[in-house]
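Colleague: My structure is stored as entry.cif, with mmCIF, C-alpha atoms; chains and numbers go by the auth columns.
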```cif
data_target
#
loop_
_atom_site.group_PDB
_atom_site.id
_atom_site.type_symbol
_atom_site.label_atom_id
_atom_site.label_comp_id
_atom_site.label_asym_id
_atom_site.label_seq_id
_atom_site.Cartn_x
_atom_site.Cartn_y
_atom_site.Cartn_z
_atom_site.B_iso_or_equiv
_atom_site.auth_seq_id
_atom_site.auth_asym_id
ATOM 1 C CA PHE A 1 229.352 -26.104 32.697 0.00 2 A
ATOM 2 C CA HIS A 2 231.573 -26.540 35.712 0.00 3 A
ATOM 3 C CA PRO A 3 232.420 -23.997 38.459 0.00 4 A
ATOM 4 C CA ARG A 4 235.806 -22.660 37.415 0.00 5 A
ATOM 5 C CA LEU A 5 237.871 -19.544 36.968 0.00 6 A
ATOM 6 C CA ALA A 6 239.242 -18.226 33.722 0.00 7 A
ATOM 7 C CA SER A 7 242.781 -18.355 35.140 0.00 8 A
ATOM 8 C CA PRO A 8 245.009 -21.420 34.592 0.00 9 A
ATOM 9 C CA PRO A 9 244.511 -24.352 36.973 0.00 10 A
ATOM 10 C CA LEU A 10 246.573 -24.289 40.142 0.00 11 A
ATOM 11 C CA GLY A 11 248.349 -27.583 40.771 0.00 12 A
ATOM 12 C CA ARG A 12 249.100 -29.013 44.186 0.00 13 A
ATOM 13 C CA ALA A 13 252.853 -28.615 43.785 0.00 14 A
ATOM 14 C CA ALA A 14 252.489 -24.969 42.779 0.00 15 A
ATOM 15 C CA ALA A 15 249.927 -24.060 45.427 0.00 16 A
ATOM 16 C CA PRO A 16 251.040 -20.893 47.265 0.00 17 A
ATOM 17 C CA ARG A 17 252.049 -21.479 50.864 0.00 18 A
ATOM 18 C CA CYS A 18 253.375 -18.089 51.970 0.00 19 A
ATOM 19 C CA PRO A 19 251.015 -15.916 54.087 0.00 20 A
ATOM 20 C CA ALA A 20 250.746 -13.241 51.388 0.00 21 A
ATOM 21 C CA ASP A 21 249.291 -15.748 48.929 0.00 22 A
ATOM 22 C CA MET A 22 247.018 -17.648 51.306 0.00 23 A
ATOM 23 C CA ALA A 23 243.928 -15.598 50.513 0.00 24 A
ATOM 24 C CA ALA A 24 244.359 -16.392 46.811 0.00 25 A
ATOM 25 C CA ALA A 25 244.414 -20.172 47.260 0.00 26 A
ATOM 26 C CA ARG A 26 240.959 -21.717 47.272 0.00 27 A
ATOM 27 C CA TRP A 27 239.309 -25.135 47.180 0.00 28 A
ATOM 28 C CA GLU A 28 239.779 -26.887 43.848 0.00 29 A
ATOM 29 C CA PHE A 29 238.048 -29.457 41.686 0.00 30 A
ATOM 30 C CA GLN A 30 239.605 -31.719 39.076 0.00 31 A
ATOM 31 C CA GLY A 31 238.300 -30.589 35.710 0.00 32 A
ATOM 32 C CA PRO A 32 239.135 -31.845 32.214 0.00 33 A
ATOM 33 C CA ASP A 33 242.142 -29.516 32.122 0.00 34 A
ATOM 34 C CA GLY A 34 243.468 -30.346 35.579 0.00 35 A
ATOM 35 C CA TRP A 35 242.892 -28.864 39.023 0.00 36 A
ATOM 36 C CA GLN A 36 240.952 -25.592 38.959 0.00 37 A
ATOM 37 C CA GLN A 37 239.815 -23.221 41.670 0.00 38 A
ATOM 38 C CA PHE A 38 236.277 -22.593 42.844 0.00 39 A
ATOM 39 C CA TYR A 39 234.919 -19.068 43.060 0.00 40 A
ATOM 40 C CA THR A 40 235.433 -17.284 46.380 0.00 41 A
ATOM 41 C CA GLU A 41 231.750 -17.614 47.319 0.00 42 A
ATOM 42 C CA GLN A 42 231.801 -21.395 46.961 0.00 43 A
ATOM 43 C CA HIS A 43 235.209 -21.644 48.624 0.00 44 A
ATOM 44 C CA ASP A 44 234.130 -19.700 51.720 0.00 45 A
ATOM 45 C CA ALA A 45 230.941 -21.713 52.210 0.00 46 A
ATOM 46 C CA MET A 46 232.603 -25.065 51.516 0.00 47 A
ATOM 47 C CA HIS A 47 235.596 -24.382 53.748 0.00 48 A
ATOM 48 C CA ALA A 48 233.408 -23.355 56.704 0.00 49 A
ATOM 49 C CA LEU A 49 231.280 -26.501 56.366 0.00 50 A
ATOM 50 C CA TRP A 50 234.369 -28.709 56.005 0.00 51 A
ATOM 51 C CA LEU A 51 235.904 -27.230 59.155 0.00 52 A
ATOM 52 C CA ALA A 52 232.653 -27.845 61.022 0.00 53 A
ATOM 53 C CA ALA A 53 232.691 -31.494 59.830 0.00 54 A
ATOM 54 C CA LYS A 54 229.441 -31.098 57.914 0.00 55 A
ATOM 55 C CA PRO A 55 228.740 -33.968 55.488 0.00 56 A
ATOM 56 C CA SER A 56 227.953 -32.021 52.325 0.00 57 A
ATOM 57 C CA TYR A 57 227.658 -28.687 50.533 0.00 58 A
ATOM 58 C CA ASP A 58 225.006 -27.965 47.875 0.00 59 A
ATOM 59 C CA PHE A 59 225.072 -25.020 45.500 0.00 60 A
ATOM 60 C CA SER A 60 223.881 -23.845 42.086 0.00 61 A
ATOM 61 C CA LEU A 61 226.003 -22.236 39.399 0.00 62 A
ATOM 62 C CA GLY A 62 225.433 -21.547 35.715 0.00 63 A
ATOM 63 C CA GLY A 63 222.014 -23.177 35.790 0.00 64 A
ATOM 64 C CA ASN A 64 223.405 -26.422 37.208 0.00 65 A
ATOM 65 C CA LYS A 65 223.028 -27.894 40.679 0.00 66 A
ATOM 66 C CA TYR A 66 225.942 -29.531 42.461 0.00 67 A
ATOM 67 C CA SER A 67 226.420 -31.466 45.663 0.00 68 A
ATOM 68 C CA ILE A 68 229.817 -31.956 47.268 0.00 69 A
ATOM 69 C CA ASP A 69 230.441 -34.833 49.626 0.00 70 A
ATOM 70 C CA LEU A 70 232.849 -33.265 52.127 0.00 71 A
ATOM 71 C CA ARG A 71 233.843 -36.652 53.513 0.00 72 A
ATOM 72 C CA ARG A 72 234.661 -38.372 50.234 0.00 73 A
ATOM 73 C CA LEU A 73 235.737 -35.054 48.673 0.00 74 A
ATOM 74 C CA VAL A 74 233.665 -35.652 45.558 0.00 75 A
ATOM 75 C CA GLN A 75 231.510 -33.174 43.597 0.00 76 A
ATOM 76 C CA VAL A 76 228.415 -34.477 41.799 0.00 77 A
ATOM 77 C CA ASN A 77 226.489 -32.736 39.039 0.00 78 A
ATOM 78 C CA LEU A 78 222.939 -33.574 40.111 0.00 79 A
ATOM 79 C CA ALA A 79 221.612 -33.422 36.544 0.00 80 A
ATOM 80 C CA THR A 80 224.220 -35.593 34.806 0.00 81 A
ATOM 81 C CA GLY A 81 225.648 -37.594 37.687 0.00 82 A
ATOM 82 C CA THR A 82 229.175 -36.573 36.691 0.00 83 A
ATOM 83 C CA GLU A 83 231.605 -36.875 39.603 0.00 84 A
ATOM 84 C CA ARG A 84 234.788 -34.885 40.114 0.00 85 A
ATOM 85 C CA GLN A 85 237.353 -34.960 42.878 0.00 86 A
ATOM 86 C CA VAL A 86 237.702 -31.854 45.050 0.00 87 A
ATOM 87 C CA ARG A 87 240.406 -30.893 47.534 0.00 88 A
ATOM 88 C CA PRO A 88 241.131 -28.153 50.069 0.00 89 A
ATOM 89 C CA PRO A 89 243.899 -25.622 49.365 0.00 90 A
ATOM 90 C CA ALA A 90 247.433 -26.768 50.164 0.00 91 A
ATOM 91 C CA TRP A 91 247.808 -24.323 53.063 0.00 92 A
ATOM 92 C CA ALA A 92 244.809 -25.861 54.866 0.00 93 A
ATOM 93 C CA VAL A 93 246.298 -29.353 55.209 0.00 94 A
ATOM 94 C CA SER A 94 249.568 -30.456 56.793 0.00 95 A
ATOM 95 C CA GLU A 95 251.063 -33.922 57.108 0.00 96 A
ATOM 96 C CA LEU A 96 253.108 -35.148 60.064 0.00 97 A
ATOM 97 C CA LYS A 97 255.061 -38.348 59.473 0.00 98 A
ATOM 98 C CA VAL A 98 255.309 -40.210 62.750 0.00 99 A
ATOM 99 C CA GLY A 99 258.291 -42.469 63.410 0.00 100 A
ATOM 100 C CA ALA A 100 259.192 -44.984 66.086 0.00 101 A
ATOM 101 C CA TYR A 101 262.571 -43.407 66.846 0.00 102 A
ATOM 102 C CA LYS A 102 261.282 -40.519 69.007 0.00 103 A
ATOM 103 C CA PRO A 103 259.122 -40.589 72.165 0.00 104 A
ATOM 104 C CA GLN A 104 255.355 -40.438 71.733 0.00 105 A
ATOM 105 C CA SER A 105 255.287 -37.148 73.662 0.00 106 A
ATOM 106 C CA PHE A 106 257.348 -35.504 70.912 0.00 107 A
ATOM 107 C CA TYR A 107 254.724 -36.197 68.240 0.00 108 A
ATOM 108 C CA ALA A 108 251.842 -35.354 70.591 0.00 109 A
ATOM 109 C CA GLN A 109 253.348 -31.914 71.240 0.00 110 A
ATOM 110 C CA ALA A 110 254.144 -31.357 67.560 0.00 111 A
ATOM 111 C CA ALA A 111 250.560 -32.208 66.583 0.00 112 A
ATOM 112 C CA ALA A 112 249.079 -29.890 69.221 0.00 113 A
ATOM 113 C CA ASP A 113 251.347 -27.026 68.136 0.00 114 A
ATOM 114 C CA LEU A 114 250.342 -27.378 64.486 0.00 115 A
ATOM 115 C CA LEU A 115 246.621 -27.515 65.331 0.00 116 A
ATOM 116 C CA ARG A 116 246.735 -24.525 67.691 0.00 117 A
ATOM 117 C CA GLY A 117 249.051 -22.291 65.729 0.00 118 A
ATOM 118 C CA SER A 118 251.106 -19.492 67.256 0.00 119 A
ATOM 119 C CA ASP A 119 251.512 -15.712 67.158 0.00 120 A
ATOM 120 C CA ASP A 120 253.351 -15.878 63.828 0.00 121 A
ATOM 121 C CA ARG A 121 251.716 -18.974 62.318 0.00 122 A
ATOM 122 C CA LYS A 122 248.078 -19.755 61.674 0.00 123 A
ATOM 123 C CA PRO A 123 246.739 -23.101 62.877 0.00 124 A
ATOM 124 C CA VAL A 124 246.610 -25.755 60.189 0.00 125 A
ATOM 125 C CA CYS A 125 242.992 -26.588 59.361 0.00 126 A
ATOM 126 C CA GLU A 126 243.567 -30.329 59.131 0.00 127 A
ATOM 127 C CA LEU A 127 246.517 -32.366 60.297 0.00 128 A
ATOM 128 C CA ARG A 128 247.121 -35.814 58.824 0.00 129 A
ATOM 129 C CA LEU A 129 249.205 -38.120 60.957 0.00 130 A
ATOM 130 C CA LEU A 130 250.971 -40.777 58.873 0.00 131 A
ATOM 131 C CA ALA A 131 252.560 -43.851 60.440 0.00 132 A
ATOM 132 C CA ARG A 132 253.707 -47.330 59.501 0.00 133 A
ATOM 133 C CA GLY A 133 254.383 -50.474 61.490 0.00 134 A
ATOM 134 C CA ALA A 134 255.857 -49.849 64.940 0.00 135 A
ATOM 135 C CA ALA A 135 255.127 -46.112 64.714 0.00 136 A
ATOM 136 C CA ILE A 136 251.329 -46.577 64.589 0.00 137 A
ATOM 137 C CA PRO A 137 250.863 -46.438 68.404 0.00 138 A
ATOM 138 C CA ALA A 138 252.660 -43.073 68.493 0.00 139 A
ATOM 139 C CA ALA A 139 250.316 -41.655 65.821 0.00 140 A
ATOM 140 C CA VAL A 140 247.253 -42.901 67.693 0.00 141 A
ATOM 141 C CA HIS A 141 248.609 -41.382 70.914 0.00 142 A
ATOM 142 C CA ALA A 142 249.252 -38.006 69.249 0.00 143 A
ATOM 143 C CA ALA A 143 245.728 -37.877 67.811 0.00 144 A
ATOM 144 C CA SER A 144 244.164 -38.925 71.115 0.00 145 A
ATOM 145 C CA GLN A 145 246.137 -36.298 73.017 0.00 146 A
ATOM 146 C CA ALA A 146 245.094 -33.613 70.516 0.00 147 A
ATOM 147 C CA GLU A 147 241.467 -34.401 71.330 0.00 148 A
ATOM 148 C CA ALA A 148 242.111 -34.616 75.069 0.00 149 A
ATOM 149 C CA CYS A 149 243.737 -31.178 75.228 0.00 150 A
ATOM 150 C CA GLY A 150 241.089 -29.558 73.011 0.00 151 A
ATOM 151 C CA ALA A 151 243.429 -28.820 70.111 0.00 152 A
ATOM 152 C CA GLY A 152 241.588 -30.909 67.542 0.00 153 A
ATOM 153 C CA ALA A 153 239.000 -33.555 66.768 0.00 154 A
ATOM 154 C CA ILE A 154 239.598 -36.830 64.953 0.00 155 A
ATOM 155 C CA ARG A 155 237.499 -36.860 61.759 0.00 156 A
ATOM 156 C CA LYS A 156 238.737 -39.854 59.806 0.00 157 A
ATOM 157 C CA VAL A 157 240.996 -42.869 60.246 0.00 158 A
ATOM 158 C CA LEU A 158 242.304 -44.795 57.246 0.00 159 A
ATOM 159 C CA THR A 159 244.197 -48.058 57.526 0.00 160 A
ATOM 160 C CA ASP A 160 245.920 -50.219 54.961 0.00 161 A
ATOM 161 C CA ALA A 161 248.382 -53.087 54.770 0.00 162 A
ATOM 162 C CA PRO A 162 250.001 -53.130 51.320 0.00 163 A
ATOM 163 C CA LEU A 163 252.171 -56.051 50.335 0.00 164 A
ATOM 164 C CA GLU A 164 255.875 -55.176 50.453 0.00 165 A
ATOM 165 C CA ARG A 165 258.624 -57.731 49.813 0.00 166 A
ATOM 166 C CA GLY A 166 256.173 -60.543 50.376 0.00 167 A
ATOM 167 C CA GLN A 167 254.929 -59.204 53.711 0.00 168 A
ATOM 168 C CA ARG A 168 252.058 -56.975 54.792 0.00 169 A
ATOM 169 C CA ALA A 169 253.139 -53.507 55.943 0.00 170 A
ATOM 170 C CA PRO A 170 250.403 -51.965 58.141 0.00 171 A
ATOM 171 C CA GLN A 171 249.975 -48.220 57.924 0.00 172 A
ATOM 172 C CA ILE A 172 247.546 -45.617 59.222 0.00 173 A
ATOM 173 C CA THR A 173 246.456 -42.085 58.347 0.00 174 A
ATOM 174 C CA ILE A 174 244.571 -40.113 60.994 0.00 175 A
ATOM 175 C CA HIS A 175 242.801 -36.885 59.979 0.00 176 A
ATOM 176 C CA VAL A 176 242.546 -34.415 62.857 0.00 177 A
ATOM 177 C CA ARG A 177 240.569 -31.182 62.368 0.00 178 A
ATOM 178 C CA SER A 178 241.768 -28.059 64.198 0.00 179 A
ATOM 179 C CA LEU A 179 239.229 -26.665 66.682 0.00 180 A
ATOM 180 C CA GLU A 180 241.085 -23.350 66.685 0.00 181 A
ATOM 181 C CA ALA A 181 240.689 -23.011 62.919 0.00 182 A
ATOM 182 C CA GLN A 182 237.006 -23.934 63.215 0.00 183 A
ATOM 183 C CA SER A 183 236.474 -21.294 65.905 0.00 184 A
ATOM 184 C CA SER A 184 238.242 -18.644 63.817 0.00 185 A
ATOM 185 C CA SER A 185 236.050 -19.494 60.820 0.00 186 A
ATOM 186 C CA ARG A 186 232.865 -19.099 62.885 0.00 187 A
ATOM 187 C CA GLN A 187 234.125 -15.777 64.242 0.00 188 A
ATOM 188 C CA ARG A 188 234.769 -14.456 60.729 0.00 189 A
ATOM 189 C CA LYS A 189 231.235 -15.460 59.679 0.00 190 A
ATOM 190 C CA TRP A 190 229.750 -13.713 62.710 0.00 191 A
ATOM 191 C CA ASP A 191 231.837 -10.595 62.022 0.00 192 A
ATOM 192 C CA ARG A 192 230.424 -10.499 58.478 0.00 193 A
ATOM 193 C CA VAL A 193 226.880 -10.739 59.861 0.00 194 A
ATOM 194 C CA VAL A 194 227.501 -7.840 62.259 0.00 195 A
ATOM 195 C CA SER A 195 229.319 -5.719 59.667 0.00 196 A
ATOM 196 C CA GLY A 196 226.357 -6.194 57.337 0.00 197 A
ATOM 197 C CA LEU A 197 224.146 -4.532 59.925 0.00 198 A
ATOM 198 C CA GLY A 198 226.453 -1.530 60.138 0.00 199 A
ATOM 199 C CA ARG A 199 225.557 1.037 62.771 0.00 200 A
ATOM 200 C CA GLU A 200 222.242 -0.691 63.351 0.00 201 A
ATOM 201 C CA ALA A 201 224.101 -3.250 65.470 0.00 202 A
ATOM 202 C CA GLU A 202 225.237 -0.525 67.878 0.00 203 A
ATOM 203 C CA SER A 203 221.709 0.639 68.580 0.00 204 A
ATOM 204 C CA MET A 204 220.060 -2.792 68.362 0.00 205 A
ATOM 205 C CA PRO A 205 218.250 -3.789 71.580 0.00 206 A
ATOM 206 C CA LYS A 206 220.048 -6.520 73.484 0.00 207 A
ATOM 207 C CA ARG A 207 217.037 -8.815 73.150 0.00 208 A
ATOM 208 C CA ASN A 208 217.121 -8.585 69.351 0.00 209 A
ATOM 209 C CA LEU A 209 220.880 -9.109 69.258 0.00 210 A
ATOM 210 C CA LEU A 210 220.550 -12.259 71.354 0.00 211 A
ATOM 211 C CA ARG A 211 217.838 -13.488 69.007 0.00 212 A
ATOM 212 C CA LEU A 212 220.163 -12.887 66.061 0.00 213 A
ATOM 213 C CA MET A 213 222.902 -14.863 67.800 0.00 214 A
ATOM 214 C CA LYS A 214 220.530 -17.787 68.345 0.00 215 A
ATOM 215 C CA GLU A 215 219.550 -17.776 64.671 0.00 216 A
ATOM 216 C CA PHE A 216 223.235 -17.742 63.733 0.00 217 A
ATOM 217 C CA GLN A 217 223.837 -20.771 65.972 0.00 218 A
ATOM 218 C CA LYS A 218 220.947 -22.622 64.324 0.00 219 A
ATOM 219 C CA ILE A 219 222.467 -22.028 60.908 0.00 220 A
ATOM 220 C CA GLU A 220 225.839 -23.277 62.190 0.00 221 A
ATOM 221 C CA GLN A 221 224.289 -26.497 63.440 0.00 222 A
ATOM 222 C CA ARG A 222 222.693 -27.445 60.105 0.00 223 A
#
```
Could you quickly redo this structure as C-alpha coordinates?
Modeller:
Amino acid sequence: FHPRLASPPLGRAAAPRCPADMAAARWEFQGPDGWQQFYTEQHDAMHALWLAAKPSYDFSLGGNKYSIDLRRLVQVNLATGTERQVRPPAWAVSELKVGAYKPQSFYAQAAADLLRGSDDRKPVCELRLLARGAAIPAAVHAASQAEACGAGAIRKVLTDAPLERGQRAPQITIHVRSLEAQSSSRQRKWDRVVSGLGREAESMPKRNLLRLMKEFQKIEQR
(Lines of atoms letter the chains of each structure in order from A and count residues from 1; the text may use other names and numbers.)
(Lines give C-alpha, C1' and ligand atoms only; values in the text may rest on other atoms or scores of the structure.)
Protein backbone atom coordinates (compact mmCIF):
# COMPACT_ATOMS: atom_id res chain seq x y z
CA PHE A 1 0.00 0.00 0.00
CA HIS A 2 1.25 3.44 -0.91
CA PRO A 3 -0.16 6.86 0.12
CA ARG A 4 -2.21 7.91 -2.89
CA LEU A 5 -5.49 9.36 -4.01
CA ALA A 6 -8.10 7.63 -6.10
CA SER A 7 -7.89 10.41 -8.70
CA PRO A 8 -5.57 10.11 -11.72
CA PRO A 9 -1.92 11.06 -11.19
CA LEU A 10 -1.05 14.70 -11.76
CA GLY A 11 1.99 15.11 -13.99
CA ARG A 12 4.49 17.93 -13.74
CA ALA A 13 3.50 19.43 -17.08
CA ALA A 14 -0.18 19.44 -16.13
CA ALA A 15 0.31 20.75 -12.60
CA PRO A 16 -2.05 23.70 -11.98
CA ARG A 17 -0.29 27.03 -11.64
CA CYS A 18 -3.15 29.53 -11.44
CA PRO A 19 -4.06 30.84 -7.94
CA ALA A 20 -7.49 29.20 -8.00
CA ASP A 21 -5.93 25.75 -8.37
CA MET A 22 -3.01 26.17 -5.98
CA ALA A 23 -4.79 24.66 -3.00
CA ALA A 24 -5.51 21.52 -5.03
CA ALA A 25 -1.88 20.86 -5.96
CA ARG A 26 -0.02 18.85 -3.35
CA TRP A 27 3.29 17.05 -2.89
CA GLU A 28 3.59 13.96 -5.08
CA PHE A 29 5.36 10.62 -5.11
CA GLN A 30 6.26 8.50 -8.12
CA GLY A 31 4.12 5.39 -7.95
CA PRO A 32 3.85 2.47 -10.39
CA ASP A 33 1.30 4.43 -12.42
CA GLY A 34 3.19 7.72 -12.48
CA TRP A 35 3.20 10.77 -10.23
CA GLN A 36 0.42 10.75 -7.64
CA GLN A 37 -0.60 13.18 -4.93
CA PHE A 38 -0.29 12.72 -1.19
CA TYR A 39 -3.27 13.27 1.07
CA THR A 40 -3.72 16.80 2.40
CA GLU A 41 -2.60 15.81 5.91
CA GLN A 42 0.73 14.47 4.67
CA HIS A 43 1.15 17.36 2.25
CA ASP A 44 0.66 20.02 4.94
CA ALA A 45 3.10 18.40 7.37
CA MET A 46 5.71 17.64 4.70
CA HIS A 47 5.54 21.09 3.12
CA ALA A 48 5.98 22.86 6.48
CA LEU A 49 9.01 20.71 7.34
CA TRP A 50 10.51 21.21 3.87
CA LEU A 51 10.15 24.98 4.15
CA ALA A 52 11.82 24.89 7.55
CA ALA A 53 14.72 22.87 6.04
CA LYS A 54 14.05 19.88 8.27
CA PRO A 55 15.86 16.70 7.15
CA SER A 56 12.98 14.23 7.16
CA TYR A 57 9.29 13.52 7.66
CA ASP A 58 7.96 10.26 9.16
CA PHE A 59 4.36 9.12 9.01
CA SER A 60 2.15 6.03 9.07
CA LEU A 61 -0.61 5.20 6.61
CA GLY A 62 -2.55 2.02 5.88
CA GLY A 63 -0.60 0.06 8.46
CA ASN A 64 2.74 0.98 6.88
CA LYS A 65 5.44 3.31 8.14
CA TYR A 66 7.25 5.69 5.81
CA SER A 67 10.17 8.07 6.09
CA ILE A 68 10.79 10.84 3.59
CA ASP A 69 14.24 12.30 3.15
CA LEU A 70 13.43 15.96 2.43
CA ARG A 71 16.94 16.63 1.15
CA ARG A 72 17.18 13.76 -1.32
CA LEU A 73 13.41 13.87 -1.94
CA VAL A 74 13.05 10.13 -1.49
CA GLN A 75 10.31 8.18 0.34
CA VAL A 76 11.22 4.88 2.00
CA ASN A 77 8.83 2.16 3.12
CA LEU A 78 10.45 1.20 6.42
CA ALA A 79 9.14 -2.38 6.25
CA THR A 80 10.15 -3.25 2.68
CA GLY A 81 12.89 -0.73 1.98
CA THR A 82 11.13 0.34 -1.22
CA GLU A 83 12.20 3.82 -2.32
CA ARG A 84 10.16 6.27 -4.37
CA GLN A 85 10.94 9.76 -5.57
CA VAL A 86 8.86 12.62 -4.17
CA ARG A 87 8.57 16.23 -5.32
CA PRO A 88 6.92 19.47 -4.22
CA PRO A 89 3.98 20.86 -6.22
CA ALA A 90 4.89 22.84 -9.33
CA TRP A 91 3.68 26.14 -7.86
CA ALA A 92 6.15 25.85 -4.96
CA VAL A 93 9.30 25.84 -7.11
CA SER A 94 10.49 28.36 -9.68
CA GLU A 95 13.60 28.34 -11.84
CA LEU A 96 15.58 31.42 -12.84
CA LYS A 97 18.05 30.92 -15.68
CA VAL A 98 20.96 33.27 -15.15
CA GLY A 99 22.90 34.56 -18.15
CA ALA A 100 26.10 36.52 -18.61
CA TYR A 101 24.52 39.16 -20.84
CA LYS A 102 22.84 41.20 -18.07
CA PRO A 103 24.36 42.85 -14.97
CA GLN A 104 24.54 40.80 -11.78
CA SER A 105 22.25 43.32 -10.06
CA PHE A 106 19.45 42.41 -12.47
CA TYR A 107 19.41 38.76 -11.39
CA ALA A 108 19.89 39.65 -7.72
CA GLN A 109 16.78 41.86 -7.83
CA ALA A 110 14.79 39.28 -9.79
CA ALA A 111 15.65 36.57 -7.26
CA ALA A 112 14.70 38.77 -4.29
CA ASP A 113 11.38 39.70 -5.90
CA LEU A 114 10.46 36.07 -6.53
CA LEU A 115 11.37 35.03 -2.97
CA ARG A 116 9.50 37.91 -1.32
CA GLY A 117 6.42 37.95 -3.49
CA SER A 118 4.16 40.97 -3.93
CA ASP A 119 0.61 42.14 -3.27
CA ASP A 120 -0.73 40.13 -6.22
CA ARG A 121 1.76 37.24 -6.23
CA LYS A 122 2.69 34.80 -3.50
CA PRO A 123 6.38 34.26 -2.79
CA VAL A 124 7.83 31.19 -4.45
CA CYS A 125 8.74 28.59 -1.83
CA GLU A 126 12.01 27.61 -3.46
CA LEU A 127 13.95 29.37 -6.18
CA ARG A 128 16.48 27.44 -8.24
CA LEU A 129 19.14 29.55 -9.89
CA LEU A 130 20.57 27.85 -12.99
CA ALA A 131 23.78 29.04 -14.64
CA ARG A 132 26.48 27.80 -16.98
CA GLY A 133 30.03 28.90 -17.69
CA ALA A 134 30.56 32.66 -17.47
CA ALA A 135 27.14 33.18 -15.88
CA ILE A 136 28.00 31.20 -12.72
CA PRO A 137 29.36 34.24 -10.79
CA ALA A 138 26.08 36.09 -11.40
CA ALA A 139 24.07 33.16 -9.98
CA VAL A 140 26.31 32.98 -6.91
CA HIS A 141 25.95 36.74 -6.43
CA ALA A 142 22.14 36.58 -6.70
CA ALA A 143 21.93 33.79 -4.12
CA SER A 144 24.33 35.56 -1.76
CA GLN A 145 22.39 38.81 -2.03
CA ALA A 146 19.11 36.98 -1.33
CA GLU A 147 20.60 35.78 1.96
CA ALA A 148 22.12 39.16 2.77
CA CYS A 149 18.82 41.01 2.37
CA GLY A 150 16.83 38.38 4.29
CA ALA A 151 14.77 37.22 1.32
CA GLY A 152 15.96 33.62 1.36
CA ALA A 153 18.42 31.04 2.60
CA ILE A 154 20.67 28.86 0.46
CA ARG A 155 19.76 25.20 1.06
CA LYS A 156 21.62 23.28 -1.62
CA VAL A 157 24.27 23.84 -4.27
CA LEU A 158 24.74 21.37 -7.12
CA THR A 159 27.61 21.56 -9.59
CA ASP A 160 28.41 19.58 -12.70
CA ALA A 161 30.66 19.74 -15.74
CA PRO A 162 29.20 17.57 -18.50
CA LEU A 163 31.23 16.91 -21.61
CA GLU A 164 30.01 18.96 -24.57
CA ARG A 165 31.77 18.97 -27.95
CA GLY A 166 34.87 17.52 -26.36
CA GLN A 167 35.05 20.14 -23.61
CA ARG A 168 33.77 20.36 -20.04
CA ALA A 169 30.88 22.80 -19.58
CA PRO A 170 30.64 23.83 -15.90
CA GLN A 171 27.17 24.50 -14.56
CA ILE A 172 25.58 25.21 -11.20
CA THR A 173 22.15 24.97 -9.59
CA ILE A 174 21.57 26.89 -6.36
CA HIS A 175 18.45 26.13 -4.29
CA VAL A 176 17.29 29.13 -2.27
CA ARG A 177 14.39 28.72 0.18
CA SER A 178 12.06 31.69 0.71
CA LEU A 179 12.03 33.01 4.29
CA GLU A 180 8.76 34.80 3.58
CA ALA A 181 7.08 31.54 2.57
CA GLN A 182 8.51 29.84 5.67
CA SER A 183 7.16 32.60 7.91
CA SER A 184 3.72 32.40 6.29
CA SER A 185 3.65 28.63 6.82
CA ARG A 186 4.47 29.02 10.53
CA GLN A 187 1.77 31.67 10.87
CA ARG A 188 -0.85 29.38 9.32
CA LYS A 189 0.13 26.59 11.74
CA TRP A 190 -0.15 28.95 14.70
CA ASP A 191 -3.53 30.21 13.47
CA ARG A 192 -4.78 26.60 13.37
CA VAL A 193 -3.59 26.07 16.96
CA VAL A 194 -5.43 29.19 18.15
CA SER A 195 -8.58 28.44 16.14
CA GLY A 196 -8.64 24.98 17.71
CA LEU A 197 -8.92 26.62 21.12
CA GLY A 198 -11.88 28.70 20.01
CA ARG A 199 -13.14 31.23 22.53
CA GLU A 200 -10.91 29.71 25.19
CA ALA A 201 -8.00 31.63 23.66
CA GLU A 202 -9.74 34.94 24.35
CA SER A 203 -10.10 34.24 28.05
CA MET A 204 -6.83 32.33 28.45
CA PRO A 205 -4.47 33.93 31.01
CA LYS A 206 -1.48 35.60 29.40
CA ARG A 207 0.88 33.28 31.28
CA ASN A 208 -0.77 30.19 29.80
CA LEU A 209 -0.79 31.69 26.32
CA LEU A 210 2.93 32.42 26.54
CA ARG A 211 3.52 28.85 27.67
CA LEU A 212 1.56 27.60 24.66
CA MET A 213 3.68 29.77 22.37
CA LYS A 214 6.87 28.32 23.85
CA GLU A 215 5.61 24.77 23.29
CA PHE A 216 4.76 25.69 19.70
CA GLN A 217 8.30 27.00 19.19
CA LYS A 218 9.75 23.76 20.58
CA ILE A 219 7.73 21.75 18.09
CA GLU A 220 8.93 24.03 15.27
CA GLN A 221 12.55 23.46 16.22
CA ARG A 222 12.37 19.65 16.07
Colleague: Quick one: distance from atom CA of A:Met47 to atom CA of A:Arg117 in Å, one decimal?
Modeller: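 Atom CA of A:Arg117 lies at a distance of 21.5 Å from atom CA of A:Met47.
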Colleague: With only C-alpha atoms as the atoms that count, which of A:Ala80, A:Leu52, A:Ala139, A:Val99 lies nearest to A:Arg156?
Modeller: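 So, comparing all the options, the nearest one is A:Leu52.
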Colleague: I'd like the residues picked by the PyMOL selection byres ((chain A and resi 130) around 10) written out as a ChimeraX atom specification, using the chain letters and numbers from the file.
Modeller: /A:95-99,108,112,127-129,131-132,137,139-141,143-144,158,173-177
Colleague: Provide the atom CA of A:Ala162 to atom CA of A:Ala93 distance in Å, to one decimal place.
Modeller: 27.5 Å
Colleague: Could the centre and edge lengths of an axis-aligned box, enclosing all atoms of stretch 60-67 of chain A in the file with 3 Å extra on each side, be given in Å to one decimal as JSON?
Modeller:
```
{"center_x": 224.0, "center_y": -25.5, "center_z": 40.6, "size_x": 10.0, "size_y": 14.0, "size_z": 15.8}
```
Colleague: Taking the file as shown, find all residues satisfying the PyMOL selection byres ((chain A and resi 160) around 6) and write them as a VMD selection string.
Modeller: chain A and resid 159 161 172 to 173
